[in-house]
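**Q** One file: upload_8.cif (mmCIF, C-alpha atoms).
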data_upload
#
loop_
_atom_site.label_atom_id
_atom_site.label_comp_id
_atom_site.auth_asym_id
_atom_site.auth_seq_id
_atom_site.Cartn_x
_atom_site.Cartn_y
_atom_site.Cartn_z
CA MET Q 1 -13.33 21.48 -27.14
CA GLY Q 2 -10.30 19.34 -27.91
CA ASP Q 3 -9.45 21.30 -31.03
CA HIS Q 4 -6.56 23.38 -29.79
CA ASP Q 5 -4.17 21.04 -31.49
CA ALA Q 6 -4.10 22.39 -35.01
CA ALA Q 7 -0.77 24.15 -34.50
CA PRO Q 8 2.30 21.92 -34.95
CA GLY Q 9 5.11 22.18 -32.42
CA PRO Q 10 6.20 20.68 -29.11
CA ALA Q 11 2.84 19.53 -27.81
CA ALA Q 12 2.45 17.29 -24.77
CA ASN Q 13 2.94 13.88 -26.26
CA GLY Q 14 3.16 11.48 -23.34
CA ASN Q 15 5.47 8.53 -23.95
CA GLY Q 16 8.33 9.20 -26.34
CA GLY Q 17 6.45 8.47 -29.53
CA SER Q 18 7.66 8.87 -33.08
CA GLY Q 19 9.54 12.09 -32.55
CA ARG Q 20 11.48 11.95 -35.78
CA SER Q 21 8.65 12.06 -38.27
CA GLY Q 22 7.15 15.46 -38.86
CA ARG Q 23 4.24 15.71 -36.46
CA ARG Q 24 0.89 15.88 -38.14
CA PRO Q 25 -1.47 18.56 -36.97
CA GLY Q 26 -3.82 16.99 -34.45
CA GLN Q 27 -1.60 14.07 -33.52
CA SER Q 28 -1.29 14.88 -29.84
CA GLY Q 29 -5.02 15.53 -29.65
CA THR Q 30 -5.73 12.17 -31.29
CA ARG Q 31 -3.31 10.33 -29.00
CA ALA Q 32 -4.90 11.97 -25.98
CA ALA Q 33 -8.40 11.11 -27.23
CA ILE Q 34 -7.38 7.46 -27.71
CA LEU Q 35 -5.82 7.30 -24.24
CA ASP Q 36 -8.92 8.84 -22.69
CA ALA Q 37 -11.15 6.40 -24.53
CA ALA Q 38 -8.94 3.50 -23.47
CA ARG Q 39 -9.08 4.53 -19.81
CA ILE Q 40 -12.86 4.79 -20.01
CA ARG Q 41 -13.37 1.44 -21.76
CA PHE Q 42 -10.87 -0.45 -19.58
CA ALA Q 43 -12.57 0.92 -16.48
CA GLU Q 44 -16.09 0.27 -17.78
CA VAL Q 45 -15.85 -3.25 -19.17
CA GLY Q 46 -12.40 -4.45 -18.04
CA PHE Q 47 -9.26 -5.11 -20.01
CA ASP Q 48 -10.37 -8.37 -21.62
CA LYS Q 49 -13.69 -7.10 -22.94
CA ALA Q 50 -12.49 -3.68 -24.08
CA SER Q 51 -11.71 -4.17 -27.77
CA ILE Q 52 -9.41 -1.93 -29.76
CA ARG Q 53 -12.40 -1.42 -32.06
CA SER Q 54 -14.61 -0.14 -29.23
CA ILE Q 55 -11.85 2.13 -27.95
CA ALA Q 56 -11.34 3.53 -31.44
CA GLY Q 57 -15.08 4.05 -31.73
CA GLN Q 58 -15.21 5.92 -28.45
CA ALA Q 59 -12.28 8.10 -29.57
CA GLY Q 60 -13.82 8.65 -33.01
CA VAL Q 61 -10.82 7.27 -34.89
CA ASP Q 62 -10.02 4.29 -37.08
CA PRO Q 63 -8.87 1.16 -35.16
CA ALA Q 64 -5.76 1.06 -37.35
CA LEU Q 65 -4.72 4.40 -35.89
CA VAL Q 66 -4.87 2.94 -32.36
CA HIS Q 67 -2.51 0.14 -33.41
CA HIS Q 68 -0.34 2.65 -35.24
CA TYR Q 69 0.12 4.85 -32.19
CA PHE Q 70 0.16 2.29 -29.42
CA GLY Q 71 0.77 -1.22 -30.80
CA THR Q 72 -0.96 -4.03 -28.87
CA LYS Q 73 -3.76 -3.67 -26.35
CA GLN Q 74 -1.26 -4.43 -23.57
CA GLN Q 75 0.93 -1.58 -24.79
CA LEU Q 76 -2.12 0.70 -24.94
CA LEU Q 77 -2.89 -0.16 -21.31
CA THR Q 78 0.71 0.60 -20.31
CA ALA Q 79 0.42 3.95 -22.09
CA ALA Q 80 -2.95 4.65 -20.45
CA LEU Q 81 -1.27 4.20 -17.07
CA ASP Q 82 1.47 6.60 -18.21
CA LEU Q 83 4.30 4.24 -17.22
CA PRO Q 84 7.74 4.80 -18.73
CA LEU Q 85 8.46 1.16 -18.08
CA ASP Q 86 8.33 -1.68 -20.54
CA PRO Q 87 6.52 -4.46 -18.67
CA ALA Q 88 8.10 -6.98 -21.03
CA MET Q 89 11.34 -6.36 -19.13
CA ILE Q 90 9.77 -7.72 -15.96
CA ARG Q 91 7.89 -10.49 -17.76
CA ASP Q 92 10.92 -11.83 -19.55
CA ARG Q 93 13.07 -12.04 -16.46
CA ILE Q 94 10.35 -13.79 -14.52
CA ALA Q 95 9.53 -16.14 -17.39
CA ALA Q 96 13.13 -17.35 -17.45
CA ALA Q 97 12.98 -18.48 -13.81
CA PRO Q 98 12.44 -22.18 -13.02
CA ALA Q 99 9.24 -22.86 -11.08
CA GLU Q 100 10.95 -23.29 -7.73
CA GLN Q 101 12.80 -19.99 -8.16
CA LEU Q 102 9.71 -17.90 -8.99
CA GLY Q 103 9.48 -16.30 -5.55
CA VAL Q 104 13.04 -15.07 -5.19
CA THR Q 105 13.17 -14.05 -8.86
CA ILE Q 106 10.04 -11.93 -8.59
CA VAL Q 107 11.22 -10.20 -5.41
CA ARG Q 108 14.69 -9.52 -6.82
CA THR Q 109 13.38 -8.31 -10.22
CA VAL Q 110 10.60 -6.09 -8.94
CA LEU Q 111 12.70 -4.49 -6.20
CA GLY Q 112 15.56 -3.99 -8.63
CA ILE Q 113 13.32 -2.10 -11.04
CA TRP Q 114 11.86 0.04 -8.29
CA ASP Q 115 15.38 0.90 -7.13
CA SER Q 116 16.28 1.96 -10.69
CA PRO Q 117 15.60 5.39 -12.23
CA VAL Q 118 12.20 4.29 -13.61
CA GLY Q 119 11.26 3.35 -10.05
CA VAL Q 120 10.71 7.01 -9.21
CA HIS Q 121 7.92 7.14 -11.73
CA ALA Q 122 6.51 3.84 -10.51
CA VAL Q 123 6.32 5.26 -6.98
CA ALA Q 124 4.42 8.28 -8.28
CA THR Q 125 1.96 6.04 -10.13
CA LEU Q 126 1.45 3.89 -7.04
CA ARG Q 127 0.77 6.98 -4.93
CA SER Q 128 -1.67 8.18 -7.55
CA ILE Q 129 -3.55 4.87 -7.64
CA LEU Q 130 -3.69 4.76 -3.85
CA GLY Q 131 -4.81 8.35 -3.67
CA GLY Q 132 -7.62 7.69 -6.14
CA GLY Q 133 -6.02 9.67 -8.99
CA ASN Q 134 -5.65 6.62 -11.19
CA ASP Q 135 -8.40 4.10 -11.68
CA PRO Q 136 -7.72 0.97 -9.57
CA ALA Q 137 -9.38 -1.11 -12.29
CA LEU Q 138 -6.62 -0.07 -14.67
CA ALA Q 139 -3.96 -0.99 -12.14
CA ARG Q 140 -5.61 -4.36 -11.62
CA ALA Q 141 -5.76 -5.02 -15.36
CA PHE Q 142 -2.15 -3.91 -15.76
CA LEU Q 143 -1.01 -6.32 -13.07
CA LEU Q 144 -3.13 -9.29 -14.10
CA GLU Q 145 -3.16 -8.94 -17.86
CA VAL Q 146 0.21 -7.41 -18.61
CA VAL Q 147 2.89 -7.80 -15.94
CA LEU Q 148 1.70 -10.99 -14.31
CA ARG Q 149 -0.20 -12.70 -17.13
CA ASP Q 150 2.43 -15.40 -17.64
CA VAL Q 151 2.88 -15.95 -13.91
CA ARG Q 152 -0.87 -16.17 -13.47
CA GLU Q 153 -1.05 -18.87 -16.13
CA ARG Q 154 1.89 -20.79 -14.66
CA ALA Q 155 0.40 -20.55 -11.16
CA ASP Q 156 -3.09 -21.66 -12.17
CA ASN Q 157 -2.88 -25.01 -10.42
CA PRO Q 158 -5.41 -26.28 -9.48
CA PRO Q 159 -7.27 -24.43 -12.26
CA GLY Q 160 -9.02 -21.27 -11.05
CA THR Q 161 -6.43 -20.43 -8.40
CA GLY Q 162 -4.14 -18.40 -10.68
CA VAL Q 163 -5.81 -15.05 -10.00
CA PRO Q 164 -5.94 -15.25 -6.19
CA ARG Q 165 -2.38 -16.63 -6.09
CA VAL Q 166 -1.01 -13.79 -8.18
CA LEU Q 167 -2.99 -11.18 -6.25
CA LEU Q 168 -1.71 -12.49 -2.91
CA ALA Q 169 1.83 -12.22 -4.27
CA ALA Q 170 1.08 -8.72 -5.55
CA SER Q 171 -0.31 -7.70 -2.16
CA GLN Q 172 2.98 -8.64 -0.50
CA MET Q 173 5.05 -6.91 -3.17
CA ILE Q 174 3.00 -3.72 -3.01
CA GLY Q 175 3.19 -3.64 0.77
CA LEU Q 176 6.94 -4.11 0.54
CA LEU Q 177 7.29 -1.33 -2.03
CA ILE Q 178 5.25 1.00 0.18
CA ALA Q 179 7.46 0.16 3.16
CA ARG Q 180 10.63 0.81 1.12
CA LYS Q 181 9.63 3.68 -1.12
CA VAL Q 182 6.65 5.51 0.38
CA VAL Q 183 6.96 5.19 4.16
CA CYS Q 184 10.72 4.44 3.91
CA VAL Q 185 10.99 2.35 7.07
CA GLU Q 186 14.33 0.97 8.14
CA PRO Q 187 15.76 -1.60 7.87
CA LEU Q 188 13.43 -2.55 4.98
CA ALA Q 189 14.25 0.59 2.98
CA SER Q 190 17.97 -0.08 2.86
CA MET Q 191 18.01 -3.88 2.61
CA THR Q 192 19.19 -4.93 -0.84
CA PRO Q 193 16.89 -6.70 -3.31
CA ASP Q 194 18.98 -9.85 -2.73
CA GLU Q 195 18.62 -9.67 1.04
CA LEU Q 196 14.87 -9.18 0.77
CA ALA Q 197 14.57 -11.93 -1.84
CA VAL Q 198 15.87 -14.42 0.74
CA VAL Q 199 13.33 -13.29 3.34
CA VAL Q 200 10.25 -12.51 1.21
CA GLY Q 201 10.88 -14.91 -1.71
CA PRO Q 202 9.43 -17.91 0.17
CA THR Q 203 6.22 -15.96 0.81
CA ILE Q 204 5.76 -15.30 -2.90
CA GLN Q 205 6.77 -18.85 -3.73
CA ARG Q 206 4.14 -20.30 -1.38
CA TYR Q 207 1.41 -18.01 -2.72
CA LEU Q 208 2.20 -19.03 -6.30
CA THR Q 209 2.95 -22.73 -6.01
CA GLY Q 210 2.10 -23.79 -2.45
CA ASP Q 211 -0.83 -25.84 -1.25
CA LEU Q 212 -3.31 -23.07 -0.41
CA GLU Q 213 -6.87 -23.34 0.84
CA LEU Q 214 -8.55 -20.98 -1.59
CA PRO Q 215 -12.29 -20.47 -2.01
CA PRO Q 216 -13.79 -21.79 -5.29
CA ALA Q 217 -13.21 -19.40 -8.20
CA ALA Q 218 -16.10 -17.08 -8.94
CA GLY Q 219 -15.63 -17.53 -12.67
CA MET B 220 -4.52 33.68 14.95
CA GLY B 221 -5.76 30.70 16.92
CA ASP B 222 -7.84 32.90 19.20
CA HIS B 223 -11.25 32.35 17.70
CA ASP B 224 -12.01 29.94 20.49
CA ALA B 225 -13.19 32.27 23.24
CA ALA B 226 -16.85 31.50 22.64
CA PRO B 227 -18.06 28.28 24.28
CA GLY B 228 -20.18 25.95 22.18
CA PRO B 229 -19.75 23.03 19.81
CA ALA B 230 -16.17 23.59 18.69
CA ALA B 231 -14.27 21.01 16.68
CA ASN B 232 -12.96 18.75 19.37
CA GLY B 233 -11.55 15.73 17.55
CA ASN B 234 -11.90 12.50 19.52
CA GLY B 235 -14.89 12.40 21.83
CA GLY B 236 -13.29 14.14 24.80
CA SER B 237 -14.92 15.26 28.01
CA GLY B 238 -18.10 16.57 26.46
CA ARG B 239 -20.10 16.71 29.66
CA SER B 240 -18.03 19.18 31.69
CA GLY B 241 -18.53 22.86 30.74
CA ARG B 242 -15.93 23.63 28.10
CA ARG B 243 -13.35 26.18 29.17
CA PRO B 244 -12.69 29.03 26.78
CA GLY B 245 -9.67 28.14 24.68
CA GLN B 246 -9.90 24.39 25.15
CA SER B 247 -10.14 23.45 21.50
CA GLY B 248 -7.31 25.83 20.67
CA THR B 249 -5.14 24.28 23.37
CA ARG B 250 -5.94 20.75 22.22
CA ALA B 251 -5.07 21.67 18.67
CA ALA B 252 -1.82 23.31 19.77
CA ILE B 253 -0.83 20.18 21.72
CA LEU B 254 -1.65 17.92 18.77
CA ASP B 255 0.37 20.14 16.42
CA ALA B 256 3.29 20.15 18.84
CA ALA B 257 3.07 16.37 19.20
CA ARG B 258 3.09 15.85 15.43
CA ILE B 259 6.15 18.08 15.12
CA ARG B 260 8.10 16.46 17.98
CA PHE B 261 7.23 12.88 16.96
CA ALA B 262 8.34 13.62 13.42
CA GLU B 263 11.51 15.46 14.50
CA VAL B 264 12.94 13.17 17.15
CA GLY B 265 10.79 10.03 16.94
CA PHE B 266 8.22 8.65 19.31
CA ASP B 267 10.65 7.33 21.94
CA LYS B 268 12.64 10.55 22.32
CA ALA B 269 9.70 12.97 22.18
CA SER B 270 8.85 13.57 25.84
CA ILE B 271 5.48 14.84 27.01
CA ARG B 272 7.47 17.67 28.65
CA SER B 273 9.04 18.73 25.33
CA ILE B 274 5.67 18.53 23.55
CA ALA B 275 4.08 20.66 26.26
CA GLY B 276 6.95 23.14 25.96
CA GLN B 277 6.50 23.37 22.20
CA ALA B 278 2.75 23.95 22.70
CA GLY B 279 3.35 26.47 25.49
CA VAL B 280 1.26 24.57 28.05
CA ASP B 281 1.87 22.68 31.28
CA PRO B 282 2.74 18.97 30.85
CA ALA B 283 -0.11 18.10 33.20
CA LEU B 284 -2.53 19.55 30.67
CA VAL B 285 -1.22 17.18 27.99
CA HIS B 286 -1.89 14.21 30.28
CA HIS B 287 -5.26 15.66 31.22
CA TYR B 288 -6.41 15.97 27.61
CA PHE B 289 -4.76 12.94 26.07
CA GLY B 290 -3.64 10.44 28.74
CA THR B 291 -0.48 8.49 27.87
CA LYS B 292 2.03 9.28 25.13
CA GLN B 293 0.66 6.33 23.14
CA GLN B 294 -2.82 7.82 23.39
CA LEU B 295 -1.44 11.21 22.33
CA LEU B 296 0.10 9.59 19.26
CA THR B 297 -3.20 7.91 18.42
CA ALA B 298 -4.93 11.29 18.73
CA ALA B 299 -2.23 12.97 16.61
CA LEU B 300 -3.02 10.47 13.85
CA ASP B 301 -6.71 11.27 14.27
CA LEU B 302 -7.75 7.63 14.56
CA PRO B 303 -11.15 6.84 16.07
CA LEU B 304 -9.78 3.44 16.97
CA ASP B 305 -8.47 2.28 20.32
CA PRO B 306 -5.27 0.40 19.50
CA ALA B 307 -5.56 -1.43 22.81
CA MET B 308 -8.40 -3.39 21.20
CA ILE B 309 -5.98 -4.81 18.64
CA ARG B 310 -3.16 -5.25 21.14
CA ASP B 311 -5.22 -7.17 23.66
CA ARG B 312 -6.57 -9.64 21.15
CA ILE B 313 -3.13 -10.30 19.74
CA ALA B 314 -1.55 -10.53 23.19
CA ALA B 315 -3.96 -13.31 24.12
CA ALA B 316 -2.81 -15.50 21.21
CA PRO B 317 -0.32 -18.31 21.84
CA ALA B 318 2.97 -17.90 19.96
CA GLU B 319 2.12 -20.44 17.27
CA GLN B 320 -1.22 -18.71 16.59
CA LEU B 321 0.22 -15.19 16.19
CA GLY B 322 -0.01 -15.18 12.40
CA VAL B 323 -3.63 -16.25 12.00
CA THR B 324 -4.71 -14.14 14.98
CA ILE B 325 -3.13 -10.99 13.55
CA VAL B 326 -4.66 -11.51 10.11
CA ARG B 327 -8.11 -12.25 11.53
CA THR B 328 -8.04 -9.36 14.02
CA VAL B 329 -6.69 -6.70 11.67
CA LEU B 330 -8.98 -7.65 8.79
CA GLY B 331 -11.94 -7.83 11.15
CA ILE B 332 -11.32 -4.29 12.36
CA TRP B 333 -10.87 -2.96 8.83
CA ASP B 334 -14.16 -4.60 7.85
CA SER B 335 -15.90 -2.90 10.79
CA PRO B 336 -17.30 0.66 10.81
CA VAL B 337 -14.01 2.14 12.11
CA GLY B 338 -12.30 0.56 9.12
CA VAL B 339 -13.65 3.30 6.87
CA HIS B 340 -11.65 5.83 8.83
CA ALA B 341 -8.59 3.58 8.80
CA VAL B 342 -8.76 3.40 5.01
CA ALA B 343 -8.89 7.21 4.84
CA THR B 344 -5.85 7.48 7.10
CA LEU B 345 -3.95 4.93 5.04
CA ARG B 346 -4.75 6.82 1.85
CA SER B 347 -3.61 10.03 3.50
CA ILE B 348 -0.30 8.52 4.64
CA LEU B 349 0.32 7.06 1.20
CA GLY B 350 -0.61 10.33 -0.46
CA GLY B 351 1.83 12.24 1.74
CA GLY B 352 -0.89 13.98 3.75
CA ASN B 353 0.13 12.33 7.01
CA ASP B 354 3.73 12.03 8.12
CA PRO B 355 5.04 8.50 7.46
CA ALA B 356 7.21 8.82 10.59
CA LEU B 357 4.05 9.10 12.68
CA ALA B 358 2.58 6.05 10.98
CA ARG B 359 5.78 4.12 11.63
CA ALA B 360 5.80 5.14 15.30
CA PHE B 361 2.13 4.26 15.63
CA LEU B 362 2.73 0.80 14.21
CA LEU B 363 5.94 0.02 16.07
CA GLU B 364 5.35 1.75 19.39
CA VAL B 365 1.61 1.45 19.86
CA VAL B 366 -0.12 -1.26 17.84
CA LEU B 367 2.75 -3.69 17.46
CA ARG B 368 4.91 -2.92 20.50
CA ASP B 369 4.04 -6.16 22.30
CA VAL B 370 4.39 -8.25 19.15
CA ARG B 371 7.72 -6.63 18.42
CA GLU B 372 8.98 -7.56 21.88
CA ARG B 373 7.67 -11.11 21.59
CA ALA B 374 9.21 -11.50 18.14
CA ASP B 375 12.63 -10.13 19.09
CA ASN B 376 14.42 -13.45 18.81
CA PRO B 377 17.32 -13.46 18.17
CA PRO B 378 17.59 -10.00 19.77
CA GLY B 379 17.58 -7.16 17.26
CA THR B 380 15.25 -8.90 14.80
CA GLY B 381 11.99 -7.67 16.36
CA VAL B 382 11.73 -4.52 14.25
CA PRO B 383 12.38 -6.07 10.82
CA ARG B 384 10.12 -9.03 11.66
CA VAL B 385 7.24 -6.77 12.63
CA LEU B 386 7.76 -4.50 9.63
CA LEU B 387 7.75 -7.45 7.23
CA ALA B 388 4.47 -8.58 8.77
CA ALA B 389 3.12 -5.03 8.50
CA SER B 390 4.16 -4.84 4.84
CA GLN B 391 2.06 -7.92 4.07
CA MET B 392 -0.90 -6.66 6.07
CA ILE B 393 -0.82 -3.22 4.46
CA GLY B 394 -0.58 -4.73 0.99
CA LEU B 395 -3.53 -6.95 1.81
CA LEU B 396 -5.57 -4.02 3.13
CA ILE B 397 -4.83 -2.05 -0.03
CA ALA B 398 -5.90 -5.00 -2.18
CA ARG B 399 -9.15 -5.37 -0.20
CA LYS B 400 -10.07 -1.79 0.63
CA VAL B 401 -8.35 0.57 -1.80
CA VAL B 402 -7.99 -1.31 -5.09
CA CYS B 403 -10.81 -3.74 -4.14
CA VAL B 404 -9.59 -6.68 -6.18
CA GLU B 405 -11.56 -9.90 -6.24
CA PRO B 406 -11.46 -12.49 -4.85
CA LEU B 407 -9.33 -10.88 -2.10
CA ALA B 408 -11.89 -8.14 -1.40
CA SER B 409 -14.70 -10.55 -0.59
CA MET B 410 -12.78 -13.37 1.09
CA THR B 411 -13.64 -13.44 4.81
CA PRO B 412 -11.03 -12.64 7.47
CA ASP B 413 -11.09 -16.33 8.41
CA GLU B 414 -10.44 -17.47 4.84
CA LEU B 415 -7.57 -15.04 4.47
CA ALA B 416 -6.17 -15.95 7.89
CA VAL B 417 -5.69 -19.53 6.64
CA VAL B 418 -3.82 -18.34 3.55
CA VAL B 419 -1.88 -15.32 4.83
CA GLY B 420 -1.48 -16.34 8.50
CA PRO B 421 1.52 -18.59 7.78
CA THR B 422 3.30 -15.67 6.07
CA ILE B 423 2.89 -13.50 9.16
CA GLN B 424 3.83 -16.40 11.42
CA ARG B 425 7.06 -17.04 9.53
CA TYR B 426 8.02 -13.35 9.55
CA LEU B 427 7.47 -13.16 13.31
CA THR B 428 8.80 -16.48 14.54
CA GLY B 429 10.49 -18.21 11.61
CA ASP B 430 14.18 -18.69 10.99
CA LEU B 431 14.92 -15.62 8.83
CA GLU B 432 18.21 -14.45 7.41
CA LEU B 433 18.10 -10.84 8.52
CA PRO B 434 20.94 -8.33 8.27
CA PRO B 435 22.50 -7.28 11.61
CA ALA B 436 20.41 -4.65 13.43
CA ALA B 437 21.53 -1.08 12.87
CA GLY B 438 20.94 -0.27 16.55
#
Can I see the file as structure tokens?

**A**
Amino acid sequence: MGDHDAAPGPAANGNGGSGRSGRRPGQSGTRAAILDAARIRFAEVGFDKASIRSIAGQAGVDPALVHHYFGTKQQLLTAALDLPLDPAMIRDRIAAAPAEQLGVTIVRTVLGIWDSPVGVHAVATLRSILGGGNDPALARAFLLEVVLRDVRERADNPPGTGVPRVLLAASQMIGLLIARKVVCVEPLASMTPDELAVVVGPTIQRYLTGDLELPPAAG
Amino acid sequence: MGDHDAAPGPAANGNGGSGRSGRRPGQSGTRAAILDAARIRFAEVGFDKASIRSIAGQAGVDPALVHHYFGTKQQLLTAALDLPLDPAMIRDRIAAAPAEQLGVTIVRTVLGIWDSPVGVHAVATLRSILGGGNDPALARAFLLEVVLRDVRERADNPPGTGVPRVLLAASQMIGLLIARKVVCVEPLASMTPDELAVVVGPTIQRYLTGDLELPPAAG
């Protein structure tokens, strides 16, 4: 099994990739094997503990090949989730916001992206995660370790509260995205990102920087 | 088709029903036809405009039979969504809360129910709605017209803001339920309803009774 990829040609290649170079026989099979291995390792041991080396081992390839195809571990996770979106786009816009503007910036940025053409794909991924088609552990790692890593670190005050703060904010954002894009309820579906930022921004701001009674961190 | 129900016996009957009386031939077929008709009418014209008479007409039965099998229109909607849960349970607990306790009461009550045995079924329904298996219009009607009708009326200040207020609150609650029950992220998944009520209650309270900048109601 897995050796139908000897013939060159327009194989299923996932995300863009290096289309210009002549495709080596077996490349799409190798990429797919690495992605499968990454999904398994991320789900089994979590994003932090899954090393590129262990993923390469599981896929039966050299670790250098993983870096060659996918770049960093964060980029590999993004590829494993099959998102067409560069999470750095979100991260950079949020990172530029002053602390007291975090809430409105996050609402405006996230809703803006979901309203854009890539948002269609994001909705499909969300449906898939909710329907059990994508591993929730991957989605969690993607949120905490890629998209919201910087926010989590900024919000970690007092220490240990960063994760619950960010997850509370994510719970509100995901509920809002479902209301707008999955269930499509009015008036939420047609309010602009700016209008919703005014209303929902303070919720996110309080979760991230407010004085919350959170249980002691589990570790 | 639909006439396999002449034989009496343990037919699929959905929600409990009048199990003790001898089942008439055709009862389960009639129930199913009424539920189908209700789903169609609710989706086509909305909960408010779908009359029991029009649903009965669509199902080809007498309106009295709809009342006999399902009770009120709200109860018919609950049955159409195939929920084992009596929404009056939620409504009554929330109705008893003073205005300034609405937020914490809603969080505590809703999370408590989702943590209970019926919560398993609620999670399945949520997954189905999100996966497109249940009509989102039914879910919206169920939320606005059954579960949250009283809250919507209490929160309608200034007039016209009741619907967006309640939907914002619902967006937070649904996101929280997904975090706890679908994606199962820690620490949110294992925080108690009381712990989360302290943290998330103020969000719900602000959405329902706070001074929000909402766009003018569409009507």

**Q** For the point (-5.4, 11.8, 26.1) in the file's frame, write as a PyMOL selection string all residues with an atom no more than 12 Å away, counting all atoms listed in the file.

**A** chain B and resi 233-237+250+253-254+257+271+282-299+301+305

**Q** Neighbouring residues of Glu195 (chain Q) were defined as those with any atom within 8 Å, considering all atoms listed in the file; residues of the same chain fewer than 2 positions away were excluded. Please report them as a PyMOL selection string.

**A** (chain Q and resi 191-193+197-199) or (chain B and resi 432-434)

**Q** If you take only C-alpha atoms and a cut-off of 9 Å, which residues of chain B touch chain Q, and what are their nearest atom pairs and distances in Å to one decimal, in chain and number order, as a Markdown table?

**A**
| residue | atom | partner | partner_atom | distance |
| --- | --- | --- | --- | --- |
| B:Leu345 | CA | Q:Leu130 | CA | 8.9 |
| B:Arg346 | CA | Q:Gly131 | CA | 5.7 |
| B:Ser347 | CA | Q:Gly131 | CA | 7.5 |
| B:Ile348 | CA | Q:Val183 | CA | 8.0 |
| B:Leu349 | CA | Q:Arg127 | CA | 6.1 |
| B:Gly350 | CA | Q:Gly131 | CA | 5.6 |
| B:Gly351 | CA | Q:Val182 | CA | 8.4 |
| B:Asp354 | CA | Q:Val183 | CA | 8.5 |
| B:Pro355 | CA | Q:Val183 | CA | 5.1 |
| B:Ala356 | CA | Q:Val183 | CA | 7.4 |
| B:Ala358 | CA | Q:Val183 | CA | 8.2 |
| B:Arg359 | CA | Q:Val185 | CA | 7.1 |
| B:Val382 | CA | Q:Pro187 | CA | 8.1 |
| B:Pro383 | CA | Q:Pro187 | CA | 6.3 |
| B:Leu386 | CA | Q:Leu188 | CA | 7.6 |
| B:Leu387 | CA | Q:Leu176 | CA | 7.5 |
| B:Ala389 | CA | Q:Gly175 | CA | 7.9 |
| B:Ser390 | CA | Q:Gly175 | CA | 4.4 |
| B:Gln391 | CA | Q:Gln172 | CA | 4.7 |
| B:Met392 | CA | Q:Gly175 | CA | 7.3 |
| B:Ile393 | CA | Q:Gly175 | CA | 5.5 |
| B:Gly394 | CA | Q:Gly175 | CA | 3.9 |
| B:Leu395 | CA | Q:Ser171 | CA | 5.2 |
| B:Leu396 | CA | Q:Ser171 | CA | 8.3 |
| B:Ile397 | CA | Q:Ser171 | CA | 7.5 |
| B:Ala398 | CA | Q:Ser171 | CA | 6.2 |
| B:Val401 | CA | Q:Leu130 | CA | 6.6 |
| B:Val402 | CA | Q:Pro136 | CA | 5.0 |
| B:Cys403 | CA | Q:Pro136 | CA | 7.8 |
| B:Val404 | CA | Q:Arg140 | CA | 7.1 |
| B:Glu405 | CA | Q:Pro164 | CA | 7.8 |
| B:Pro406 | CA | Q:Pro164 | CA | 6.3 |
| B:Leu407 | CA | Q:Pro164 | CA | 6.9 |
| B:Met410 | CA | Q:Pro215 | CA | 7.8 |
| B:Glu414 | CA | Q:Leu214 | CA | 7.6 |
| B:Leu415 | CA | Q:Leu214 | CA | 8.5 |
| B:Val417 | CA | Q:Glu213 | CA | 7.0 |
| B:Val418 | CA | Q:Leu212 | CA | 6.2 |
| B:Val419 | CA | Q:Leu168 | CA | 8.2 |
| B:Pro421 | CA | Q:Thr203 | CA | 8.8 |
| B:Thr422 | CA | Q:Thr203 | CA | 6.0 |
| B:Arg425 | CA | Q:Thr203 | CA | 8.8 |
| B:Tyr426 | CA | Q:Val199 | CA | 8.2 |
| B:Leu431 | CA | Q:Val199 | CA | 6.2 |
| B:Glu432 | CA | Q:Val199 | CA | 6.5 |
| B:Leu433 | CA | Q:Val199 | CA | 7.5 |
| B:Pro434 | CA | Q:Glu195 | CA | 7.7 |
| B:Ala436 | CA | Q:Pro187 | CA | 7.9 |
| B:Ala437 | CA | Q:Pro187 | CA | 7.7 |

**Q** Tell me, as a PDB file with C-alpha atoms, in the frame of the given file, which residues lie within 6 Å of Ala155 (chain Q), counting all atoms listed in the file; anything in the same chain fewer than 4 positions away does not count.

**A**
ATOM      1  CA  VAL Q 151       2.880 -15.950 -13.910  1.00  0.00           C
ATOM      2  CA  GLY Q 162      -4.140 -18.400 -10.680  1.00  0.00           C
ATOM      3  CA  LEU Q 208       2.200 -19.030  -6.300  1.00  0.00           C
TER       4      LEU Q 208
END

**Q** Calculate how many Å separate CA of Ala122 (chain Q) from CA of Gln58 (chain Q), rounding to one decimal.

**A** 28.2 Å

**Q** If the PyMOL selection byres ((chain Q and resi 145-147) around 7) were run on this exact file, what residues would it hold? Put them as a ChimeraX atom specification.

**A** /Q:74,87,90-91,141-144,148-149

**Q** In Å to one decimal, how far is CA of Leu102 (chain Q) from CA of Asn157 (chain Q)?

**A** 14.5 Å

**Q** Rounded to one decimal in Å, what is the spacing between CA of Ala252 (chain B) and CA of Gly276 (chain B)?

**A**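 Interatomic distance here is 10.7 Å.
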
**Q** Using only C-alpha atoms, give me every residue within 7 Å of (-10.2, -14.4, 13.0) in file coordinates, as a list of chain:residue names.

**A**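 The answer, in the requested form, is B:Val323, B:Thr324, B:Val326, B:Arg327, B:Thr328, B:Pro412, B:Asp413, B:Ala416.
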
**Q** How would the residues just picked look written out with C-alpha atoms as an mmCIF file, in the frame of the given file?

**A**
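Dumped to part_3.cif:
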data_model
loop_
_atom_site.group_PDB
_atom_site.id
_atom_site.type_symbol
_atom_site.label_atom_id
_atom_site.label_comp_id
_atom_site.auth_asym_id
_atom_site.auth_seq_id
_atom_site.Cartn_x
_atom_site.Cartn_y
_atom_site.Cartn_z
ATOM 1 C CA VAL B 323 -3.630 -16.250 12.000
ATOM 2 C CA THR B 324 -4.710 -14.140 14.980
ATOM 3 C CA VAL B 326 -4.660 -11.510 10.110
ATOM 4 C CA ARG B 327 -8.110 -12.250 11.530
ATOM 5 C CA THR B 328 -8.040 -9.360 14.020
ATOM 6 C CA PRO B 412 -11.030 -12.640 7.470
ATOM 7 C CA ASP B 413 -11.090 -16.330 8.410
ATOM 8 C CA ALA B 416 -6.170 -15.950 7.890
#
